[in-house]
>>> print(open('data37.txt').read())   # compact mmCIF, C-alpha atoms
# COMPACT_ATOMS: atom_id res chain seq x y z
CA MET A 1 127.93 70.74 251.64
CA GLY A 2 129.54 68.42 249.12
CA TYR A 3 131.91 68.89 246.25
CA ASP A 4 130.03 71.49 244.18
CA ILE A 5 131.50 74.64 245.71
CA TYR A 6 135.04 73.23 245.48
CA GLU A 7 134.46 72.32 241.85
CA SER A 8 133.40 75.89 241.12
CA LEU A 9 136.74 77.03 242.58
CA GLY A 10 138.77 74.75 240.32
CA ILE A 11 139.34 71.70 242.55
CA SER A 12 139.14 68.33 240.79
CA ARG A 13 137.18 65.48 242.33
CA GLU A 14 140.37 63.43 242.87
CA VAL A 15 141.99 66.23 244.89
CA TYR A 16 138.81 66.94 246.86
CA GLU A 17 138.20 63.31 247.80
CA TYR A 18 141.82 62.87 248.81
CA GLY A 19 141.52 65.89 251.11
CA GLU A 20 138.33 64.54 252.70
CA ALA A 21 139.97 61.17 253.33
CA VAL A 22 142.86 62.89 255.13
CA ILE A 23 140.54 65.07 257.24
CA ALA A 24 138.48 62.07 258.33
CA ARG A 25 141.60 60.73 260.07
CA LEU A 26 142.51 64.00 261.82
CA ARG A 27 139.49 64.56 264.09
CA GLU A 28 141.29 63.64 267.31
CA ARG A 29 144.33 65.75 266.38
CA PHE A 30 142.12 68.75 265.66
CA SER A 31 140.36 68.31 268.98
CA GLU A 32 143.71 68.59 270.78
CA ILE A 33 144.47 71.81 268.89
CA ASP A 34 141.09 73.22 269.91
CA ALA A 35 141.79 72.39 273.57
CA THR A 36 145.06 74.35 273.43
CA ALA A 37 143.25 77.26 271.80
CA GLU A 38 140.63 77.26 274.54
CA TYR A 39 143.29 77.43 277.26
CA ASN A 40 145.17 80.22 275.52
CA GLN A 41 141.97 82.13 274.79
CA LEU A 42 141.15 82.20 278.49
CA LYS A 43 144.74 83.16 279.31
CA VAL A 44 144.45 86.25 277.09
CA LEU A 45 141.01 87.08 278.47
CA LYS A 46 142.35 86.84 282.03
CA GLY A 47 145.18 89.23 281.18
CA MET A 48 142.78 91.76 279.69
CA GLN A 49 140.43 91.59 282.64
CA GLU A 50 143.22 91.80 285.22
CA HIS A 51 144.49 95.03 283.68
CA GLN A 52 141.00 96.48 283.23
CA VAL A 53 141.05 97.05 279.50
CA SER A 54 138.41 99.71 278.84
CA GLU A 55 136.87 101.42 275.84
CA ALA A 56 139.26 104.31 276.39
CA CYS A 57 142.18 101.93 275.77
CA LEU A 58 141.08 101.49 272.16
CA LEU A 59 141.29 105.17 271.20
CA GLY A 60 145.01 105.84 270.86
CA THR A 61 147.11 108.98 270.64
CA THR A 62 149.05 111.17 268.18
CA GLY A 63 152.16 113.30 268.44
CA TYR A 64 154.50 112.36 271.26
CA GLY A 65 152.07 109.82 272.68
CA TYR A 66 152.56 110.86 276.29
CA ASN A 67 150.28 109.11 278.78
CA ASP A 68 148.85 106.74 276.18
CA LEU A 69 146.54 104.63 278.37
CA GLY A 70 145.80 102.03 275.71
CA ARG A 71 149.44 101.54 274.71
CA ASP A 72 150.63 101.19 278.30
CA THR A 73 147.77 98.86 279.24
CA LEU A 74 148.37 96.66 276.18
CA GLU A 75 152.00 96.25 277.20
CA GLN A 76 150.85 95.22 280.67
CA VAL A 77 148.51 92.66 279.07
CA TYR A 78 151.35 91.21 276.97
CA ALA A 79 153.59 91.01 280.04
CA SER A 80 150.78 89.25 281.93
CA VAL A 81 150.11 86.70 279.18
CA PHE A 82 153.82 85.97 278.62
CA HIS A 83 154.52 86.02 282.37
CA THR A 84 157.29 88.62 282.06
CA GLU A 85 158.26 91.72 283.99
CA ASP A 86 157.60 94.11 281.10
CA ALA A 87 156.78 94.32 277.40
CA LEU A 88 157.24 96.69 274.48
CA VAL A 89 154.39 96.46 271.91
CA ARG A 90 154.57 99.18 269.29
CA PRO A 91 153.45 100.02 265.75
CA GLN A 92 156.85 101.68 265.31
CA ILE A 93 158.39 98.18 265.23
CA THR A 94 158.03 97.49 261.51
CA CYS A 95 158.45 93.70 261.31
CA GLY A 96 159.85 90.62 263.02
CA THR A 97 163.40 91.27 261.80
CA HIS A 98 163.19 94.81 263.17
CA ALA A 99 161.98 93.52 266.55
CA LEU A 100 164.87 91.04 266.74
CA ALA A 101 167.43 93.61 265.60
CA LEU A 102 166.08 96.03 268.20
CA ALA A 103 166.36 93.46 271.00
CA LEU A 104 169.91 92.54 269.96
CA MET A 105 171.28 96.02 269.31
CA SER A 106 169.87 97.44 272.52
CA ASN A 107 171.27 94.74 274.78
CA LEU A 108 174.68 94.18 273.21
CA ARG A 109 177.67 96.52 273.52
CA PRO A 110 181.00 96.76 271.65
CA GLY A 111 183.22 93.88 272.70
CA ASP A 112 180.30 91.56 273.49
CA GLU A 113 179.76 88.28 271.69
CA LEU A 114 176.45 86.95 270.41
CA LEU A 115 176.01 83.16 270.35
CA SER A 116 173.52 81.11 268.37
CA PRO A 117 173.48 77.54 269.76
CA VAL A 118 170.88 76.33 267.24
CA GLY A 119 172.72 76.86 263.97
CA LYS A 120 172.29 79.53 261.33
CA PRO A 121 169.64 82.16 262.05
CA TYR A 122 166.94 83.25 259.63
CA ASP A 123 168.31 84.79 256.43
CA THR A 124 167.36 88.41 257.19
CA LEU A 125 169.28 88.27 260.49
CA GLU A 126 172.53 87.52 258.68
CA GLU A 127 172.89 91.19 257.74
CA VAL A 128 171.76 92.35 261.19
CA ILE A 129 174.55 90.28 262.76
CA GLY A 130 177.07 90.95 260.01
CA ILE A 131 177.49 87.39 258.76
CA ARG A 132 176.82 89.06 255.43
CA PRO A 133 178.31 92.56 255.57
CA SER A 134 175.68 95.28 255.79
CA ARG A 135 175.55 98.90 256.83
CA GLY A 136 174.82 99.28 260.55
CA SER A 137 175.33 95.61 261.44
CA LEU A 138 176.35 94.42 264.89
CA ALA A 139 179.76 93.57 263.45
CA GLU A 140 180.30 97.25 262.56
CA TYR A 141 179.77 98.08 266.24
CA GLY A 142 182.34 95.58 267.42
CA VAL A 143 179.98 92.77 268.41
CA THR A 144 181.32 89.35 267.45
CA TYR A 145 179.28 86.29 266.59
CA ALA A 146 179.67 82.58 267.34
CA GLN A 147 177.53 79.71 266.15
CA VAL A 148 177.09 76.09 267.18
CA ASP A 149 175.22 73.95 264.69
CA LEU A 150 172.68 71.35 265.68
CA LEU A 151 173.86 67.75 265.49
CA PRO A 152 172.77 65.71 262.46
CA ASP A 153 169.81 64.26 264.40
CA GLY A 154 168.58 67.76 265.29
CA SER A 155 169.73 67.63 268.93
CA PHE A 156 171.79 70.30 270.66
CA ASP A 157 175.57 70.03 270.58
CA TYR A 158 175.95 70.59 274.32
CA GLU A 159 179.72 70.12 274.36
CA GLY A 160 180.12 72.52 271.45
CA ILE A 161 177.94 75.06 273.26
CA ARG A 162 179.95 74.69 276.46
CA ARG A 163 183.19 75.34 274.55
CA SER A 164 181.73 78.39 272.82
CA ILE A 165 180.50 80.22 275.92
CA ASN A 166 183.22 82.56 277.15
CA ALA A 167 183.76 85.72 279.16
CA ARG A 168 182.55 87.87 276.24
CA THR A 169 179.34 85.92 275.62
CA ARG A 170 176.65 88.42 276.53
CA LEU A 171 173.54 87.23 274.67
CA VAL A 172 172.35 83.89 273.32
CA THR A 173 169.77 83.93 270.54
CA ILE A 174 167.53 80.88 270.11
CA GLN A 175 165.38 80.66 267.01
CA ARG A 176 162.30 78.62 267.82
CA SER A 177 161.06 78.12 264.27
CA LYS A 178 162.97 76.55 261.41
CA GLY A 179 163.33 79.57 259.10
CA TYR A 180 164.40 78.51 255.63
CA GLN A 181 165.75 75.21 256.93
CA THR A 182 164.22 71.77 257.16
CA ARG A 183 165.24 71.20 260.78
CA PRO A 184 162.64 70.51 263.47
CA THR A 185 161.06 73.45 265.24
CA LEU A 186 162.07 73.67 268.89
CA SER A 187 159.43 72.89 271.49
CA VAL A 188 159.13 75.14 274.52
CA SER A 189 160.35 72.32 276.77
CA ARG A 190 163.49 71.80 274.63
CA ILE A 191 164.14 75.54 274.69
CA GLY A 192 163.83 75.41 278.48
CA GLU A 193 166.39 72.60 278.69
CA LEU A 194 168.81 74.56 276.52
CA ILE A 195 168.40 77.76 278.57
CA ALA A 196 168.93 75.85 281.84
CA PHE A 197 172.15 74.36 280.45
CA ILE A 198 173.43 77.77 279.31
CA LYS A 199 172.50 79.52 282.57
CA GLU A 200 174.31 76.84 284.57
CA ILE A 201 177.50 77.70 282.69
CA LYS A 202 177.00 81.49 282.72
CA PRO A 203 174.06 82.69 284.85
CA ASP A 204 174.21 86.34 283.74
CA VAL A 205 173.96 85.66 280.01
CA ILE A 206 170.80 87.02 278.33
CA CYS A 207 168.76 84.30 276.60
CA MET A 208 166.57 85.68 273.83
CA VAL A 209 164.06 83.55 271.91
CA ASP A 210 162.88 84.43 268.41
CA ASN A 211 159.27 83.42 269.03
CA CYS A 212 157.98 84.18 265.51
CA TYR A 213 155.32 81.70 264.35
CA GLY A 214 155.28 79.99 267.75
CA GLU A 215 152.96 82.08 269.91
CA PHE A 216 149.90 80.21 271.25
CA VAL A 217 150.86 76.93 269.58
CA GLU A 218 151.48 75.48 273.05
CA THR A 219 149.96 76.41 276.40
CA ILE A 220 153.29 77.83 277.59
CA GLU A 221 155.77 80.25 276.01
CA PRO A 222 159.59 80.38 276.17
CA SER A 223 159.34 83.08 278.84
CA ASP A 224 157.78 80.42 281.10
CA VAL A 225 160.95 78.31 280.90
CA GLY A 226 163.66 80.88 281.55
CA ALA A 227 163.92 83.12 278.46
CA ASP A 228 164.95 86.68 279.36
CA MET A 229 163.32 88.02 276.19
CA VAL A 230 160.76 86.67 273.74
CA VAL A 231 160.43 88.56 270.49
CA GLY A 232 157.92 88.45 267.67
CA SER A 233 155.87 90.18 264.98
CA LEU A 234 152.26 91.32 265.23
CA ILE A 235 151.56 90.39 261.61
CA LYS A 236 152.19 86.80 262.63
CA ASN A 237 150.38 84.86 265.39
CA PRO A 238 149.79 87.48 268.12
CA GLY A 239 148.20 90.01 265.78
CA GLY A 240 145.36 87.60 265.00
CA GLY A 241 145.23 88.83 261.39
CA LEU A 242 143.97 92.26 262.47
CA ALA A 243 147.14 94.10 263.52
CA PRO A 244 148.23 96.20 260.51
CA ILE A 245 151.88 96.44 261.65
CA GLY A 246 153.96 96.07 264.78
CA GLY A 247 156.17 93.87 266.90
CA TYR A 248 156.74 93.00 270.53
CA ILE A 249 159.54 92.33 272.99
CA ALA A 250 158.50 90.81 276.32
CA GLY A 251 160.90 89.97 279.09
CA LYS A 252 163.07 91.27 281.90
CA LYS A 253 162.40 94.92 282.71
CA GLU A 254 165.99 96.00 282.04
CA CYS A 255 166.08 94.26 278.65
CA VAL A 256 162.76 95.80 277.59
CA GLU A 257 163.75 99.29 278.77
CA ASN A 258 167.01 98.99 276.81
CA ALA A 259 164.98 98.15 273.72
CA ALA A 260 162.62 101.09 274.31
CA CYS A 261 165.56 103.50 274.58
CA ARG A 262 166.93 102.17 271.30
CA LEU A 263 163.54 102.37 269.57
CA THR A 264 162.87 105.96 270.66
CA SER A 265 165.76 107.76 272.35
CA PRO A 266 167.90 107.56 275.47
CA GLY A 267 166.05 109.40 278.21
CA LEU A 268 162.66 108.89 276.53
CA GLY A 269 162.27 105.11 276.37
CA LYS A 270 158.70 103.87 276.70
CA GLU A 271 157.26 107.32 277.54
CA VAL A 272 156.84 108.34 273.90
CA GLY A 273 155.48 106.66 270.81
CA ALA A 274 151.97 107.45 269.65
CA SER A 275 149.70 104.50 268.90
CA LEU A 276 148.14 106.25 265.87
CA GLY A 277 144.79 104.48 265.84
CA ALA A 278 146.24 100.96 265.79
CA LEU A 279 145.23 99.94 269.31
CA GLY A 280 141.75 98.60 268.55
CA ALA A 281 143.24 96.16 266.03
CA PHE A 282 146.09 95.29 268.41
CA TYR A 283 143.72 94.43 271.26
CA GLN A 284 141.16 92.57 269.18
CA GLY A 285 143.84 90.76 267.20
CA PHE A 286 145.54 89.59 270.39
CA PHE A 287 142.17 88.43 271.72
CA LEU A 288 141.51 86.40 268.55
CA ALA A 289 145.10 85.14 268.20
CA PRO A 290 144.66 81.77 269.98
CA THR A 291 141.80 80.67 267.72
CA VAL A 292 143.37 82.10 264.56
CA THR A 293 146.59 80.25 265.41
CA ALA A 294 144.57 77.06 265.90
CA GLY A 295 143.14 77.38 262.39
CA SER A 296 146.63 77.81 261.00
CA LEU A 297 147.85 74.79 262.94
CA LYS A 298 145.10 72.62 261.53
CA GLY A 299 146.09 73.76 258.05
CA ALA A 300 149.72 72.86 258.72
CA VAL A 301 148.82 69.38 259.99
CA PHE A 302 146.56 68.89 256.97
CA ALA A 303 149.34 69.99 254.60
CA ALA A 304 151.85 67.62 256.22
CA ASN A 305 149.55 64.65 255.75
CA ILE A 306 148.49 65.62 252.21
CA TYR A 307 152.04 65.88 250.90
CA GLU A 308 153.64 63.16 252.99
CA HIS A 309 151.31 60.53 251.53
CA LEU A 310 152.23 61.73 248.06
CA GLY A 311 155.86 60.90 248.86
CA TYR A 312 157.29 64.37 249.53
CA PRO A 313 159.57 64.95 252.55
CA VAL A 314 157.78 67.14 255.08
CA VAL A 315 158.92 68.78 258.34
CA PRO A 316 157.29 68.18 260.73
CA ASP A 317 155.74 64.95 259.51
CA GLY A 318 152.04 64.27 259.72
CA ARG A 319 152.14 62.75 263.21
CA GLU A 320 154.71 64.84 265.09
CA SER A 321 153.76 67.32 267.77
CA ARG A 322 153.60 70.92 266.54
CA HIS A 323 155.58 73.84 267.94
CA ASP A 324 154.98 76.49 265.28
CA ILE A 325 152.56 77.09 262.40
CA ILE A 326 155.08 76.53 259.58
CA GLN A 327 154.98 73.45 257.37
CA ALA A 328 157.97 72.68 255.16
CA VAL A 329 157.52 70.57 252.04
CA THR A 330 160.58 69.64 249.97
CA PHE A 331 159.97 69.25 246.24
CA GLY A 332 163.58 68.90 245.07
CA CYS A 333 163.00 71.16 242.07
CA PRO A 334 162.14 74.85 241.58
CA GLU A 335 159.06 73.98 239.52
CA GLY A 336 157.42 72.32 242.51
CA VAL A 337 158.04 75.32 244.80
CA ILE A 338 156.69 77.73 242.18
CA ALA A 339 153.60 75.63 241.41
CA PHE A 340 152.78 75.30 245.12
CA CYS A 341 153.04 79.08 245.62
CA GLU A 342 150.93 79.74 242.55
CA GLY A 343 148.22 77.53 244.05
CA ILE A 344 148.32 79.37 247.39
CA GLN A 345 148.08 82.72 245.61
CA ALA A 346 145.13 81.49 243.57
CA ALA A 347 143.36 80.59 246.83
CA ALA A 348 143.72 84.09 248.29
CA PRO A 349 140.85 86.52 248.92
CA VAL A 350 143.06 89.43 247.74
CA ASP A 351 145.11 89.40 244.50
CA SER A 352 144.10 85.85 243.61
CA HIS A 353 144.39 86.85 239.95
CA VAL A 354 148.11 87.62 240.07
CA THR A 355 150.97 85.16 239.61
CA PRO A 356 153.84 85.14 242.14
CA GLU A 357 157.35 85.04 240.71
CA PRO A 358 160.80 84.54 242.26
CA TRP A 359 162.69 87.80 242.79
CA ASP A 360 165.73 89.30 244.50
CA MET A 361 164.28 90.23 247.87
CA PRO A 362 166.30 92.47 250.22
CA GLY A 363 168.03 90.50 252.98
CA TYR A 364 168.20 87.13 251.15
CA ASP A 365 171.08 85.45 249.34
CA ALA A 366 168.93 83.79 246.67
CA GLN A 367 165.77 84.61 244.79
CA VAL A 368 162.64 84.09 246.89
CA ILE A 369 159.08 83.43 245.81
CA MET A 370 156.27 84.60 248.07
CA ALA A 371 152.56 83.94 247.76
CA ALA A 372 150.34 86.07 249.99
CA GLY A 373 147.05 87.59 248.95
CA ALA A 374 146.47 89.20 252.31
CA PHE A 375 144.33 91.91 253.88
CA VAL A 376 147.50 93.11 255.65
CA SER A 377 150.43 93.26 253.27
CA GLY A 378 152.97 90.54 254.07
CA SER A 379 150.92 89.11 256.94
CA SER A 380 152.07 85.53 257.38
CA ILE A 381 149.31 84.61 259.82
CA GLU A 382 147.14 84.90 256.73
CA LEU A 383 147.31 82.15 254.10
CA SER A 384 150.81 82.37 252.64
CA ALA A 385 153.75 80.38 251.35
CA ASP A 386 157.30 81.23 250.42
CA GLY A 387 160.68 79.73 249.82
CA PRO A 388 164.13 80.41 248.39
CA ILE A 389 164.84 79.15 244.91
CA LYS A 390 167.84 77.05 245.90
CA PRO A 391 168.42 73.44 246.97
CA PRO A 392 166.76 71.51 248.49
CA TYR A 393 163.88 73.49 246.90
CA ALA A 394 161.57 73.47 249.89
CA VAL A 395 158.47 75.60 250.33
CA TYR A 396 157.29 76.93 253.68
CA PHE A 397 153.53 77.15 254.16
CA GLN A 398 151.84 78.97 257.01
CA GLY A 399 148.75 80.84 258.05
CA GLY A 400 145.08 80.91 257.28
CA LEU A 401 142.78 83.14 259.31
CA THR A 402 140.32 80.24 259.38
CA TRP A 403 140.82 76.49 259.14
CA GLN A 404 138.40 76.40 256.22
CA HIS A 405 140.55 78.78 254.20
CA ALA A 406 143.75 76.95 255.11
CA LYS A 407 142.14 73.71 253.92
CA PHE A 408 141.16 75.21 250.59
CA GLY A 409 144.61 76.73 250.15
CA ILE A 410 146.32 73.37 250.51
CA LEU A 411 143.88 71.70 248.11
CA ARG A 412 144.48 74.53 245.62
CA SER A 413 148.26 74.11 245.96
CA LEU A 414 147.95 70.43 245.13
CA GLN A 415 145.63 71.22 242.24
CA SER A 416 148.28 73.54 240.84
CA LEU A 417 150.82 70.71 240.92
CA VAL A 418 148.32 68.40 239.20
CA ASP A 419 147.51 71.01 236.54
CA LYS A 420 151.22 71.42 235.79
CA ARG A 421 151.62 67.61 235.63
CA LEU A 422 154.10 67.57 238.47
CA VAL A 423 151.68 65.23 240.27
CA THR A 424 149.32 62.91 238.40
CA ALA A 425 145.65 62.38 239.17
CA GLU A 426 146.46 58.69 239.51
CA ALA A 427 149.02 59.44 242.21
CA VAL A 428 146.42 61.47 244.12
CA THR A 429 143.91 58.61 243.95
CA LYS A 430 146.56 56.13 245.05
CA ALA A 431 147.47 58.35 248.02
CA ARG A 432 143.80 58.54 249.02
CA GLU A 433 143.53 54.77 249.11
CA LYS A 434 146.76 54.55 251.12
CA VAL A 435 145.33 56.98 253.67
CA LYS A 436 142.12 54.97 253.99
CA ASP A 437 144.06 51.76 254.49
CA SER A 438 146.63 53.16 256.92
CA GLY A 439 144.37 55.24 259.15
CA LEU A 440 147.18 57.84 259.15
>>> encode(input="data37.txt", output="structure tokens")
Amino acid sequence: MGYDIYESLGISREVYEYGEAVIARLRERFSEIDATAEYNQLKVLKGMQEHQVSEACLLGTTGYGYNDLGRDTLEQVYASVFHTEDALVRPQITCGTHALALALMSNLRPGDELLSPVGKPYDTLEEVIGIRPSRGSLAEYGVTYAQVDLLPDGSFDYEGIRRSINARTRLVTIQRSKGYQTRPTLSVSRIGELIAFIKEIKPDVICMVDNCYGEFVETIEPSDVGADMVVGSLIKNPGGGLAPIGGYIAGKKECVENAACRLTSPGLGKEVGASLGALGAFYQGFFLAPTVTAGSLKGAVFAANIYEHLGYPVVPDGRESRHDIIQAVTFGCPEGVIAFCEGIQAAAPVDSHVTPEPWDMPGYDAQVIMAAGAFVSGSSIELSADGPIKPPYAVYFQGGLTWQHAKFGILRSLQSLVDKRLVTAEAVTKAREKVKDSGL
């Protein structure tokens, strides 16, 4: 194919050749990602076949949504794939934060305590919990909150966790991904070790895992290692880029039914909730999710190696195992974050002509810049990047419906930094030679 098409899209030869040098060293890593995708693809297929997904399942309902065959079957498929007793998969769940809030508010009661043993949760959950006062928070309903930070090396503070678990501890929330932090993402095996430790101290505590950005990255999910609930968004990994909205909660039957009664109404639960024509996209997106996630993973690994060899701190680094699709790059200045996001936006198939700017987003304590020219608004399984405009000035890159698009997006982000003279062409050439010499 050669350089010509990249040149026509604004990529300099130095940036292109650097990218090709990095890719040449990632063949084995990409092969491992493809093997995981193959396993997960067959896992989803098996779930669909076992529950006899039919053409009728794709049609959907309106109104009350009684006896919605497609909705009920899809929830059986999710429960099968995640190896749980039940699942709630609905277009009425508006986003990942809503899914998490729903799981928390439906399974906690006044006087209970919520514990996070992995440090501060994602910014938008602060108002859900009441860390930052907000109307309707858990704190307003008499639910208290305790937090145990990770140790400086990223490991669990087991003694601190033991001290924090008490008679009122009802639910433990474990955030798999890093959020707007530069800590390591938690592997499924590490999550399993943490859950086992907690259950040994208090067997009846509910362990919930925020699984956003982690689905299908490994061949097992947190529900395979003891999680009572796994929660996520359909406009991230499991929607495969096709789901136009929605979220899921998969887990113990009682936990899921509690969530359903909170989503709809006590006495109605899962029996109502029309699927409104979304089911075809939900099914097909879930079917495609393992391979779409693989493309995003390749993009994340590529980004880590591109920026690491230019001297920027990255989490995870270019060689670490991956447990979600997010790649953090720390620039140390707002200009770097903004230039990176401008490059991602310029690489988009939708709204590539607009310029992202930092703004006061609801739910955040600092201005946030978001780049996402997506077919589904806000879909972060599509090529996207975002970050708060505050120290350490890190950007969080994720998505790409195809590896090829993720690759171009990263090259375009670097080109934006070069064009703004935040990175020199000489530095790019030097990094390319370092890659060739080191073999990554």
>>> residues_around(input="data37.txt", residues="Thr291 in chain A", least_positions_apart="2", cutoff="9 Å", atoms="all atoms listed in the file", output="list of chain:residue names")
A:Asp34, A:Ala37, A:Glu38, A:Asn40, A:Gln41, A:Phe216, A:Gly240, A:Phe287, A:Leu288, A:Ala289, A:Thr293, A:Ala294, A:Gly295, A:Ser296, A:Leu401, A:Thr402
>>> closest_residue(input="data37.txt", among="A:Leu414, A:Ala300, A:Ala227, A:Val314", to="Pro184 in chain A", atoms="all atoms listed in the file")
A:Val314
>>> residues_around(input="data37.txt", residues="Thr169 in chain A", least_positions_apart="2", cutoff="9 Å", atoms="only C-alpha atoms", output="list of chain:residue names")
A:Asp112, A:Glu113, A:Leu114, A:Leu115, A:Ala146, A:Ser164, A:Ile165, A:Asn166, A:Ala167, A:Leu171, A:Val172, A:Lys202, A:Val205
>>> residues_around(input="data37.txt", residues="Asn107 in chain A", least_positions_apart="5", cutoff="9 Å", atoms="all atoms listed in the file", output="PyMOL selection string")
chain A and resi 102+170-171+206+255+258-259
>>> closest_residue(input="data37.txt", among="A:Val44, A:Ile381, A:Leu59, A:Val395", to="Tyr78 in chain A", atoms="all atoms listed in the file")
A:Val44
>>> closest_residue(input="data37.txt", among="A:Leu279, A:Ile326, A:Ala371, A:Ile220", to="Glu75 in chain A", atoms="all atoms listed in the file")
A:Leu279
>>> residues_near_point(input="data37.txt", point="(136.8, 63.5, 258.7)", cutoff="12 Å", atoms="all atoms listed in the file", output="PyMOL selection string")
chain A and resi 17-31+302+435-436+439-440
>>> closest_residue(input="data37.txt", among="A:Gly119, A:Pro266, A:Pro290, A:Gly363", to="Ser155 in chain A", atoms="all atoms listed in the file")
A:Gly119
>>> closest_residue(input="data37.txt", among="A:Leu138, A:Ile161, A:Leu297, A:Cys212", to="Thr97 in chain A", atoms="only C-alpha atoms")
A:Cys212
>>> closest_residue(input="data37.txt", among="A:Asp386, A:Tyr66, A:Ser189, A:Ala348", to="Ala374 in chain A", atoms="all atoms listed in the file")
A:Ala348
>>> residues_near_point(input="data37.txt", point="(182.7, 89.9, 262.2)", cutoff="7 Å", atoms="only C-alpha atoms", output="mmCIF file with C-alpha atoms, in the frame of the given file")
data_model
loop_
_atom_site.group_PDB
_atom_site.id
_atom_site.type_symbol
_atom_site.label_atom_id
_atom_site.label_comp_id
_atom_site.auth_asym_id
_atom_site.auth_seq_id
_atom_site.Cartn_x
_atom_site.Cartn_y
_atom_site.Cartn_z
ATOM 1 C CA GLY A 130 177.070 90.950 260.010
ATOM 2 C CA ILE A 131 177.490 87.390 258.760
ATOM 3 C CA ALA A 139 179.760 93.570 263.450
ATOM 4 C CA THR A 144 181.320 89.350 267.450
ATOM 5 C CA TYR A 145 179.280 86.290 266.590
#
>>> residues_around(input="data37.txt", residues="Pro313 in chain A", least_positions_apart="6", cutoff="9 Å", atoms="all atoms listed in the file", output="short mmCIF file (atom, residue, chain, number, x, y, z; two decimals) with C-alpha atoms, in the frame of the given file")
data_model
loop_
_atom_site.label_atom_id
_atom_site.label_comp_id
_atom_site.auth_asym_id
_atom_site.auth_seq_id
_atom_site.Cartn_x
_atom_site.Cartn_y
_atom_site.Cartn_z
CA ALA A 304 151.85 67.62 256.22
CA TYR A 307 152.04 65.88 250.90
CA ALA A 328 157.97 72.68 255.16
CA VAL A 329 157.52 70.57 252.04
CA THR A 330 160.58 69.64 249.97
CA PHE A 331 159.97 69.25 246.24
#
>>> atom_distance(input="data37.txt", atom1="CA of Glu433 in chain A", atom2="CA of Tyr312 in chain A")
16.8 Å
>>> atom_distance(input="data37.txt", atom1="CA of Gly336 in chain A", atom2="CA of Ile410 in chain A")
13.7 Å
>>> residues_around(input="data37.txt", residues="Phe408 in chain A", least_positions_apart="3", cutoff="9 Å", atoms="all atoms listed in the file", output="VMD selection string")
chain A and resid 6 11 344 347 403 to 405 411 to 413
>>> write_last_selection(input="data37.txt", atoms="C-alpha atoms", output="tab-separated table (two decimals), in the frame of the given file")
chain	number	residue	atom	x	y	z
A	6	TYR	CA	135.04	73.23	245.48
A	11	ILE	CA	139.34	71.70	242.55
A	344	ILE	CA	148.32	79.37	247.39
A	347	ALA	CA	143.36	80.59	246.83
A	403	TRP	CA	140.82	76.49	259.14
A	404	GLN	CA	138.40	76.40	256.22
A	405	HIS	CA	140.55	78.78	254.20
A	411	LEU	CA	143.88	71.70	248.11
A	412	ARG	CA	144.48	74.53	245.62
A	413	SER	CA	148.26	74.11	245.96
>>> atom_distance(input="data37.txt", atom1="CA of Val376 in chain A", atom2="CA of Tyr213 in chain A")
16.3 Å
